[in-house]
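Data block below; observations after.
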Amino acid sequence: MTRIGLKAGARKKRRLYFLLTSITVLGLGVLLVLSALEDSIRLFYDPTEIVERNIGPGQNFRLGGLVEEDSFASRENAGILINHFVVTDGNESVAVTYEGLLPDLFREGQGIVAEGAMNEDGVFVASEVLAKHDETYMPKEVVDSLKKRGEWQRRTAETQQKDDAL
Amino acid sequence: MIAELGHYFLVLALGLAVIQAIFPMIGAAQGSARMMMLGQPAAYGQFFFSLLAFLALTYSYLISDFSVAVIARNSHSLKPLLYKISGVWGNHEGSLLFWVMFLALFGAMVAYFGRGLPKSLRARVLSVQAMVGIGFYLFMLLTSNPFDRLADVPFEGNGLNPLLQDPGLVFHPPFLYLGYVGLSVVFSFAIAALIEGRVDPAWARWVRPWTLLAWVFLTIGIVLGSWWAYYELGWGGWWAWDPVENASFMPWLVATALLHSAIVVEKRDTLKSWTILLAIIAFSFSLLGTFIVRSGIITSVHAFATDPERGLYILVFLALVIGGSLLLFAIRSDKLQAGGLFAPISRESGLMINNLFLSVATAVVLYGTMHPLLSDAFFGVKSSVGAPFFNLVFSLLMIPLVVTMVYGPHLKWKRADIKGINQRLMAVTGIALLAGLMTFYATYGGAIMPAVWIGIGVWLLLSSLQELSNRIKLFQVPFKDSMSRLRRQPRSSWGMTLGHFGFAVGLLGIVGTSAWTIEAQKVMGLGEDMTIGDYRLTLKDVIPVAGPNYTAVRGIISVSPKNAEENGKSFMAYPETRTYVSSPITTTEGDVKTTMAGDLFVVIGESQGQGRWGIRAYYKPMQVWFWIGTTIVVLGGLISLSDRRYRIGTPQRQKASRKVKHAP
């Protein structure tokens, strides 16, 4: 009897240890997550939201949209490529500059996501242009944004018309 | 015709799965041997027909039958043979068929090799396995039929994304899927054990090889994926904490925990309900990974809106499987009797702490992955959680885990003496400290964490060797005796040693490449040069090249030491940019020169006009250590899998021995 009682007591004690350790570890984990999360969340805006929310300089975010046709120009400065282009959601558009080589998927008319911030002149200075490799060649966030702005429907209708004309 | 046959086989497989799900379960409950016996032939038949369906789809791909919708969408008649075959599982519908075919295969394997299992347990395992299968068959037949025909047959297919046309990616998804499906067997065993109300060391011995098998496949799949990202995508990275990557990483983390907790069940007959819970969670993550990656739900809630039928089905299926099994767990887990006791410092505790940190790590990855989805769904805020979050949290969380890995294997079951271990590890700890300090000195002014991590990596590396040498009593007995002890080590303990050693090697690689990578880029004409690290790259020539289904430009770049007076060998690099016939996009084929010290990765971009080209280069220190380390880990897993005790089917239920033999 006593032996069994002892065993049960030891088991309770063990459980308590385990619980305490778990709670401590989990608590530390939560703290860690929250503090790390604050700095590394990147909000996503499309050009219309930049205008609506009046996003100014100093805030890092992700910009997504289509590269406007005939808007791309680049020049070389001592071996470094400086690119200018316009990103649009069909409703509003924003000028972008990026220093460096662009990813393979970058084309006029193609959807892109870029990370960076606005400068004083209202130009988005990209620190990184993300090469989103998607089976449909279009970043998901951009698709959603285009749908919201009605640009998607317009483009689909256009291709439909082209197909019908053929 | 072949496609219709495939469709028909799929329906037949579903029918057999229904039989396999119902009768053995009823039979096990009523003790009817005849009904339980139905499980085996049903399992064989179900596999047979799902294999035929899979072959039918493969055949349709091979002959480029563009009247089948998935083939028209994803294939092209000019595609090389290998990619026609890999196209079968390179899309949503085909990958599901691939999945369910292996689900049926594993079910058939349980039926065949499980002859040593108690009849009722085998019947229940087969039944649960079939229930999961039914979910998949119905999902395919109702919402994602791979054999759907097109009314207007196109002359040519859309082609497979050229980025996916790479040997690394031919084998990446199948290995991942094999891992996911392998966990389904573990899940079935867990559910069956809950219904039986019985978990004992023999149960753990059956579950362990399946866990190990699934884990090895998952590891291979994940590593192949990063290998592909590294060589094919050309951004010099191999892991980006992308939702798709995380979806495969989470089941791996849980499977790793499960692998270790199953040892405790087997050796000490305790931690039972925890192990069952892990088995359920591991498979839940597999399902989540399978569905979410292909349906794009994680990146966007709106994927539900575009395809409400599939989205709804997935939600209901996940809710049924995960919710149902957790409910069952809640009701039945108290039936599982707790076993042996152990002290706070013991092998058991070590494995428990390992499980604790792996679980927290999984929770962190899950939270980081789901955060954008949740904030979009509840607050309409679109956001993404960047790699810095995961890197920071992981690099801190992994420290206690690795410390546990250093001590764990040295700990004895039940009660261990930490002072003795510290003494034994003294030399190893000293060398590790020295390695950390030297790194700190060499990179003075840089970040501190990499130096800490190098120290920890070296510590783990040496301590795993030390543990092996303790076991074979190296330098304590004559060398010849040590060698014969080495030969007699059980394979499962080789698995542990290689697993931990390989992990340490890979860890050092991760530290090197993520802490000290350098990048340089320049637009150059012929004859111009640029420098990166200790190298000087000179663009000699750019020539056009033709491939089977692409055209390419190839850069001819000579690489020499930065300082001309230095005596280093120079060599050539030939990076390419490919443009595919069937698709509007181009891909880069970087040229990588690998040494143990680091990889030089050279990429040529598109022409900038006037005979000028953009060249990008990365120097990634110790990158190859990661590939070597993970290979060793996989090797360890395979060797452990070949241990006679765990060979699938071998174990017989025997009275759980209370005596603990010498720890492997």
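All residue names refer to the structure tokens as shown: chains lettered A, B, ... in order, residues numbered from 1 in each chain, ligands numbered from 1 in order.
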
message: Need to verify the contact set: Phe329 (chain B), 9 Å, only C-alpha atoms, exclusion of same-chain residues closer than 5 positions in sequence. Can you return it as a list in words?
response: Ile191, Leu194, Ser273, Ile276, Leu277, Ile280, Gly324 and Asp334 of chain B

task: Give me the residues within 6 Å of Phe389 (chain B) as a list in words, counting only C-alpha atoms and dropping any in the same chain fewer than 5 places off.
output: Ala36, Leu37 and Ser40 of chain A

Residue contacts of region 61-66 of chain B (9 Å, only C-alpha atoms) excluding same-chain residues fewer than 3 positions away, as a ChimeraX atom specification: /B:56-58,69-73,75-77,81,84-85,87-88,149-150,153-157

Neighbours of chain A in chain B at 6 Å, counting only C-alpha atoms, as a ChimeraX atom specification: /B:382-386,389,522-523

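Near Tyr180 (chain B), within 6 Å and counting only C-alpha atoms, sit Tyr177, Leu183 and Ser286 of chain B; same-chain residues fewer than 3 positions away were not included.
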
Output file for the selection above: C-alpha atoms, as an mmCIF file, in the first residue's frame:
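Result written to result27.cif:
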```cif
data_model
loop_
_atom_site.group_PDB
_atom_site.id
_atom_site.type_symbol
_atom_site.label_atom_id
_atom_site.label_comp_id
_atom_site.auth_asym_id
_atom_site.auth_seq_id
_atom_site.Cartn_x
_atom_site.Cartn_y
_atom_site.Cartn_z
ATOM 1 C CA TYR B 177 4.463 13.039 -49.953
ATOM 2 C CA LEU B 183 2.887 9.514 -40.987
ATOM 3 C CA SER B 286 0.867 16.432 -43.015
#
```

task: Just the helix (DSSP H, G or I) stuff from region 250-464 of chain B, please, per backbone DSSP, written as a PyMOL selection string.
output: chain B and resi 250-268+272-295+302-306+308-335+347-379+387-410+418-424+426-442+449-464
